[in-house]
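A.B. asks: Please see the structure below; I have some questions.
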Amino acid sequence: MALTVYIESLGCAKNQVDSEIMLGCLQKEGFTLHDDIGSAEIIIINTCAFIEEATRESIDTILEYTALKRTGSCRALIVCGCLPQRYRQEIARELPEVDLFLGSSEYGHIAEHITSLAKGPSAERLIIGRQAFLQTAGTPRVISAPGSSAYLKIAEGCSHGCTYCAIPAIKGPFRQRSRSSILHEARTLARAGIQEINLVAQDTTRYSGLAALLSGLCRVRGLEWLRLLYCHPAHLHTDIITMMASEPKLCRYIDIPLQHIADPVLKRMGRRESRGRIEALIDKARSVCPEIALRTTFIVGFPGETDRDFQDLLGFVRSARFDNLGAFCYRAEEGTPAARMPDAVPEDVKRERYAALMGLQKQIAREKNAAMKGCRLRVLVDGISPRKAYALQARTEFQAPEVDGVVFLNDDIPIGEFATVTVTRSLTYDLVGRVCA
């Protein structure tokens, strides 16, 4: 009888892709994929350890699931991904209940590891490769989310070395997939009914030949929307923005994590861009493609961030008026240069600055959404609404899955289908619409 396997995926969209690769590898080898964790014989937790909060969530999940080895059907618990890749010996020593720890190089070999583990306890509980797994055209994958949207990873690792970030140490240097491999996967996804592809990597715009790749993806039959996420400003060039203005399938949307705007802070962060270049890039994007939606993220309370630096950030956000914005209070990450920097910002000041920044963005988002009332928009129906007042939730091309607002609907439309709606009401971050007659 085939072993039943359950996978819990934590963290970002890139982790979700890795989990779906493991599902594909296991399905190919005859394992039974299970969505009921209580009755699964093998439990795999694909962890995140990018920041302190993610590390804590990963450990809490592991501790919660170790109980299933006593009370459920679980015969083996496997922890893989960023947590063992980053902490290695410490995590193996502190969690003896875990049967096997696998680094981010081992996703494609998950079936072999489980087969070996089923024969008896492994002599080697910790298997960590040097670089993160990189897909090929033949890598199997099972899409885990409902609907007709999927992520497609085009590269792995990062070579920037920002002073606050542990990703290069976890994932290794930047390495990109071949264009033929990516196009092959896109065609496979389209044949399976996927109509929206969201390109992800640690740094999508570092991809060599990105314009040619996007052009090829836009010619894939069956795809309707193509979206770029995780665009580093150092590599975002005008040719990509020009494509967004002219190519119907390429969503007029840029996710461009800026982290800060004050030049002294950017320098300490190890960011290569300056305020002047960032402002010029945003102005260029909006002049070439006036309807473009811009999403960004910022870190507040970085070591040495002064009141003036923060006021510069608030002023920039006030004038730039981003469509979507996320923020984080700085936390010192073990092993990063920033963790050793002087002039730490007090925790209460970090919280105050975070509240001020997000309060400003809340006002901007409310005003932008209010201006959308009465507009006709094309949406992709994502799924059932979590709010009882509405039946479904959908997204426009200006809203990325999971991180941005949605459009709530009370119409009868199949999940995964497109529709044209009229915005009837605006909420702070979301919209309410009605399908056009």
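Residue names in the structure tokens use chain letters A, B, ... in the order shown, residue numbers from 1 in each chain, and ligand numbers from 1 in the order shown.
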Counting only C-alpha atoms, which residues of stretch 277-378 of chain A fall within 7 Å of stretch 419-429 of chain A, and what is the closest atom pair for each with its distance in Å at one decimal, ordered by chain and rising number, as a Markdown table?
C.D. replies:
```
| residue | atom | partner | partner_atom | distance |
| --- | --- | --- | --- | --- |
| A:Lys362 | CA | A:Thr428 | CA | 6.8 |
| A:Ala365 | CA | A:Tyr429 | CA | 6.0 |
| A:Arg366 | CA | A:Thr428 | CA | 4.5 |
| A:Asn369 | CA | A:Ser426 | CA | 5.5 |
| A:Ala370 | CA | A:Ser426 | CA | 5.4 |
| A:Met372 | CA | A:Val423 | CA | 6.6 |
| A:Lys373 | CA | A:Val423 | CA | 5.0 |
| A:Gly374 | CA | A:Val423 | CA | 5.1 |
| A:Cys375 | CA | A:Val423 | CA | 5.5 |
| A:Arg376 | CA | A:Thr422 | CA | 4.5 |
| A:Leu377 | CA | A:Val421 | CA | 5.4 |
| A:Arg378 | CA | A:Thr420 | CA | 4.4 |
```
A.B. asks: Go ahead and write the residues just picked, N, CA and C atoms, as a PDB file, in the first residue's frame.
C.D. replies:
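The new file out-v1.pdb reads:
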```pdb
ATOM      1  N   LYS A 362      -2.980  53.662   4.650  1.00  0.00           N
ATOM      2  CA  LYS A 362      -4.406  53.350   4.764  1.00  0.00           C
ATOM      3  C   LYS A 362      -5.252  54.477   4.187  1.00  0.00           C
ATOM      4  N   ALA A 365      -4.818  54.402   0.361  1.00  0.00           N
ATOM      5  CA  ALA A 365      -5.559  53.287  -0.222  1.00  0.00           C
ATOM      6  C   ALA A 365      -7.058  53.577  -0.251  1.00  0.00           C
ATOM      7  N   ARG A 366      -7.566  54.172   0.832  1.00  0.00           N
ATOM      8  CA  ARG A 366      -8.992  54.499   0.892  1.00  0.00           C
ATOM      9  C   ARG A 366      -9.366  55.505  -0.206  1.00  0.00           C
ATOM     10  N   ASN A 369      -9.210  53.786  -3.709  1.00  0.00           N
ATOM     11  CA  ASN A 369     -10.346  52.894  -3.925  1.00  0.00           C
ATOM     12  C   ASN A 369     -11.640  53.670  -4.138  1.00  0.00           C
ATOM     13  N   ALA A 370     -11.809  54.767  -3.414  1.00  0.00           N
ATOM     14  CA  ALA A 370     -13.018  55.578  -3.581  1.00  0.00           C
ATOM     15  C   ALA A 370     -13.131  56.111  -5.008  1.00  0.00           C
ATOM     16  N   MET A 372     -12.383  54.582  -7.590  1.00  0.00           N
ATOM     17  CA  MET A 372     -12.696  53.483  -8.505  1.00  0.00           C
ATOM     18  C   MET A 372     -14.189  53.225  -8.644  1.00  0.00           C
ATOM     19  N   LYS A 373     -15.001  53.846  -7.789  1.00  0.00           N
ATOM     20  CA  LYS A 373     -16.437  53.590  -7.830  1.00  0.00           C
ATOM     21  C   LYS A 373     -17.003  53.966  -9.195  1.00  0.00           C
ATOM     22  N   GLY A 374     -17.762  53.029  -9.788  1.00  0.00           N
ATOM     23  CA  GLY A 374     -18.360  53.235 -11.095  1.00  0.00           C
ATOM     24  C   GLY A 374     -17.506  52.752 -12.250  1.00  0.00           C
ATOM     25  N   CYS A 375     -16.246  52.390 -11.987  1.00  0.00           N
ATOM     26  CA  CYS A 375     -15.355  51.913 -13.050  1.00  0.00           C
ATOM     27  C   CYS A 375     -15.703  50.480 -13.456  1.00  0.00           C
ATOM     28  N   ARG A 376     -15.482  50.175 -14.720  1.00  0.00           N
ATOM     29  CA  ARG A 376     -15.638  48.816 -15.229  1.00  0.00           C
ATOM     30  C   ARG A 376     -14.259  48.155 -15.262  1.00  0.00           C
ATOM     31  N   LEU A 377     -14.160  46.984 -14.666  1.00  0.00           N
ATOM     32  CA  LEU A 377     -12.885  46.299 -14.544  1.00  0.00           C
ATOM     33  C   LEU A 377     -13.015  44.829 -14.920  1.00  0.00           C
ATOM     34  N   ARG A 378     -11.980  44.294 -15.541  1.00  0.00           N
ATOM     35  CA  ARG A 378     -11.931  42.862 -15.808  1.00  0.00           C
ATOM     36  C   ARG A 378     -11.324  42.183 -14.591  1.00  0.00           C
TER      37      ARG A 378
END
```
A.B. asks: Neighbours of A:Cys165 within 8 Å (only C-alpha atoms; same-chain residues fewer than 3 positions away dropped), as a count of residues only?
C.D. replies: 6
A.B. asks: So, with only C-alpha atoms as the atoms that count, which of A:Ala111, A:Ile292, A:Ala344, A:Ala394 lies closest to A:Phe322?
C.D. replies: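 Answer, going by the shortest atom-to-atom distance: A:Ile292.
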A.B. asks: Could you find all residues in stretch 189-344 of chain A that DSSP calls strand (DSSP E) from the backbone, and write them as a ChimeraX atom specification?
C.D. replies: /A:196-200,225-228,250-255,293-300,324-329
A.B. asks: Produce a file of the selected residues containing N, CA and C atoms, as a PDB file, in the first residue's frame.
C.D. replies:
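Contents of out.pdb, as written:
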```
ATOM      1  N   GLU A 196      -3.595  32.606 -15.346  1.00  0.00           N
ATOM      2  CA  GLU A 196      -2.762  33.683 -14.807  1.00  0.00           C
ATOM      3  C   GLU A 196      -1.478  33.091 -14.259  1.00  0.00           C
ATOM      4  N   ILE A 197      -0.341  33.607 -14.702  1.00  0.00           N
ATOM      5  CA  ILE A 197       0.956  33.193 -14.174  1.00  0.00           C
ATOM      6  C   ILE A 197       1.618  34.391 -13.511  1.00  0.00           C
ATOM      7  N   ASN A 198       2.078  34.185 -12.276  1.00  0.00           N
ATOM      8  CA  ASN A 198       2.797  35.203 -11.524  1.00  0.00           C
ATOM      9  C   ASN A 198       4.252  34.762 -11.408  1.00  0.00           C
ATOM     10  N   LEU A 199       5.150  35.500 -12.058  1.00  0.00           N
ATOM     11  CA  LEU A 199       6.557  35.148 -12.058  1.00  0.00           C
ATOM     12  C   LEU A 199       7.202  35.542 -10.731  1.00  0.00           C
ATOM     13  N   VAL A 200       7.934  34.595 -10.115  1.00  0.00           N
ATOM     14  CA  VAL A 200       8.570  34.846  -8.829  1.00  0.00           C
ATOM     15  C   VAL A 200      10.029  34.399  -8.865  1.00  0.00           C
ATOM     16  N   TRP A 225      -3.169  36.406 -18.274  1.00  0.00           N
ATOM     17  CA  TRP A 225      -2.459  37.402 -17.470  1.00  0.00           C
ATOM     18  C   TRP A 225      -1.075  36.873 -17.113  1.00  0.00           C
ATOM     19  N   LEU A 226      -0.091  37.772 -17.189  1.00  0.00           N
ATOM     20  CA  LEU A 226       1.272  37.473 -16.784  1.00  0.00           C
ATOM     21  C   LEU A 226       1.739  38.615 -15.888  1.00  0.00           C
ATOM     22  N   ARG A 227       2.185  38.272 -14.673  1.00  0.00           N
ATOM     23  CA  ARG A 227       2.510  39.309 -13.689  1.00  0.00           C
ATOM     24  C   ARG A 227       3.937  39.120 -13.161  1.00  0.00           C
ATOM     25  N   LEU A 228       4.636  40.230 -12.965  1.00  0.00           N
ATOM     26  CA  LEU A 228       5.986  40.229 -12.417  1.00  0.00           C
ATOM     27  C   LEU A 228       5.958  40.587 -10.935  1.00  0.00           C
ATOM     28  N   LEU A 250       0.441  41.205 -20.396  1.00  0.00           N
ATOM     29  CA  LEU A 250       1.356  41.565 -19.318  1.00  0.00           C
ATOM     30  C   LEU A 250       0.685  42.574 -18.389  1.00  0.00           C
ATOM     31  N   CYS A 251       0.403  42.143 -17.174  1.00  0.00           N
ATOM     32  CA  CYS A 251      -0.316  42.997 -16.225  1.00  0.00           C
ATOM     33  C   CYS A 251       0.451  44.292 -15.974  1.00  0.00           C
ATOM     34  N   ARG A 252      -0.289  45.383 -15.937  1.00  0.00           N
ATOM     35  CA  ARG A 252       0.305  46.691 -15.655  1.00  0.00           C
ATOM     36  C   ARG A 252       0.478  46.813 -14.135  1.00  0.00           C
ATOM     37  N   TYR A 253       1.464  46.114 -13.662  1.00  0.00           N
ATOM     38  CA  TYR A 253       1.655  45.952 -12.213  1.00  0.00           C
ATOM     39  C   TYR A 253       3.134  45.680 -11.956  1.00  0.00           C
ATOM     40  N   ILE A 254       3.718  46.404 -11.009  1.00  0.00           N
ATOM     41  CA  ILE A 254       5.104  46.159 -10.617  1.00  0.00           C
ATOM     42  C   ILE A 254       5.187  46.067  -9.097  1.00  0.00           C
ATOM     43  N   ASP A 255       5.729  44.957  -8.630  1.00  0.00           N
ATOM     44  CA  ASP A 255       6.047  44.772  -7.211  1.00  0.00           C
ATOM     45  C   ASP A 255       7.532  45.092  -7.059  1.00  0.00           C
ATOM     46  N   ALA A 293       0.051  49.918 -11.735  1.00  0.00           N
ATOM     47  CA  ALA A 293      -0.108  49.825 -10.279  1.00  0.00           C
ATOM     48  C   ALA A 293       1.252  49.480  -9.678  1.00  0.00           C
ATOM     49  N   LEU A 294       1.626  50.196  -8.630  1.00  0.00           N
ATOM     50  CA  LEU A 294       2.921  49.997  -7.983  1.00  0.00           C
ATOM     51  C   LEU A 294       2.725  49.499  -6.560  1.00  0.00           C
ATOM     52  N   ARG A 295       3.410  48.393  -6.260  1.00  0.00           N
ATOM     53  CA  ARG A 295       3.426  47.863  -4.900  1.00  0.00           C
ATOM     54  C   ARG A 295       4.860  47.921  -4.383  1.00  0.00           C
ATOM     55  N   THR A 296       5.038  48.239  -3.107  1.00  0.00           N
ATOM     56  CA  THR A 296       6.368  48.249  -2.521  1.00  0.00           C
ATOM     57  C   THR A 296       6.328  47.794  -1.070  1.00  0.00           C
ATOM     58  N   THR A 297       7.524  47.600  -0.504  1.00  0.00           N
ATOM     59  CA  THR A 297       7.660  47.301   0.927  1.00  0.00           C
ATOM     60  C   THR A 297       8.770  48.181   1.499  1.00  0.00           C
ATOM     61  N   PHE A 298       8.628  48.503   2.790  1.00  0.00           N
ATOM     62  CA  PHE A 298       9.628  49.319   3.476  1.00  0.00           C
ATOM     63  C   PHE A 298       9.964  48.692   4.827  1.00  0.00           C
ATOM     64  N   ILE A 299      11.182  48.965   5.283  1.00  0.00           N
ATOM     65  CA  ILE A 299      11.630  48.568   6.617  1.00  0.00           C
ATOM     66  C   ILE A 299      11.761  49.831   7.457  1.00  0.00           C
ATOM     67  N   VAL A 300      11.123  49.868   8.603  1.00  0.00           N
ATOM     68  CA  VAL A 300      11.259  51.008   9.508  1.00  0.00           C
ATOM     69  C   VAL A 300      12.091  50.590  10.712  1.00  0.00           C
ATOM     70  N   ASN A 324      -0.276  49.774  -3.434  1.00  0.00           N
ATOM     71  CA  ASN A 324      -0.206  48.806  -2.341  1.00  0.00           C
ATOM     72  C   ASN A 324       1.141  48.944  -1.653  1.00  0.00           C
ATOM     73  N   LEU A 325       1.142  48.811  -0.336  1.00  0.00           N
ATOM     74  CA  LEU A 325       2.378  49.010   0.422  1.00  0.00           C
ATOM     75  C   LEU A 325       2.367  48.133   1.664  1.00  0.00           C
ATOM     76  N   GLY A 326       3.480  47.455   1.892  1.00  0.00           N
ATOM     77  CA  GLY A 326       3.662  46.692   3.116  1.00  0.00           C
ATOM     78  C   GLY A 326       4.866  47.226   3.872  1.00  0.00           C
ATOM     79  N   ALA A 327       4.910  47.018   5.175  1.00  0.00           N
ATOM     80  CA  ALA A 327       6.033  47.510   5.973  1.00  0.00           C
ATOM     81  C   ALA A 327       6.374  46.511   7.071  1.00  0.00           C
ATOM     82  N   PHE A 328       7.624  46.581   7.524  1.00  0.00           N
ATOM     83  CA  PHE A 328       8.111  45.703   8.580  1.00  0.00           C
ATOM     84  C   PHE A 328       8.949  46.524   9.550  1.00  0.00           C
ATOM     85  N   CYS A 329       8.844  46.203  10.826  1.00  0.00           N
ATOM     86  CA  CYS A 329       9.778  46.744  11.797  1.00  0.00           C
ATOM     87  C   CYS A 329      11.076  45.943  11.698  1.00  0.00           C
TER      88      CYS A 329
END
```
A.B. asks: Would you please work out which residue, of A:Ile110, A:Leu3, A:Leu10, A:Ile240, is nearest to A:Ser215 when using only C-alpha atoms?
C.D. replies: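 Closest to A:Ser215 of all the choices is A:Ile240.
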A.B. asks: Point out the residue among A:Pro303, A:Asn410, A:Phe316, A:Glu367 with the least atom-to-atom distance to A:Gly276, counting only C-alpha atoms.
C.D. replies: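 Nearest candidate to A:Gly276 out of A:Pro303, A:Asn410, A:Phe316, A:Glu367: A:Phe316.
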A.B. asks: Neighbouring residues of A:Gly11 were defined as those with any atom within 8 Å, considering only C-alpha atoms; residues of the same chain fewer than 5 positions away were excluded. Please report them as a compact mmCIF listing (two decimals) with C-alpha atoms, in the first residue's frame.
C.D. replies:
```
# COMPACT_ATOMS: atom_id res chain seq x y z
CA GLN A 16 4.63 27.23 -2.33
CA THR A 47 9.64 25.91 6.46
CA CYS A 48 10.53 29.58 6.15
CA ALA A 54 8.80 33.23 10.10
```
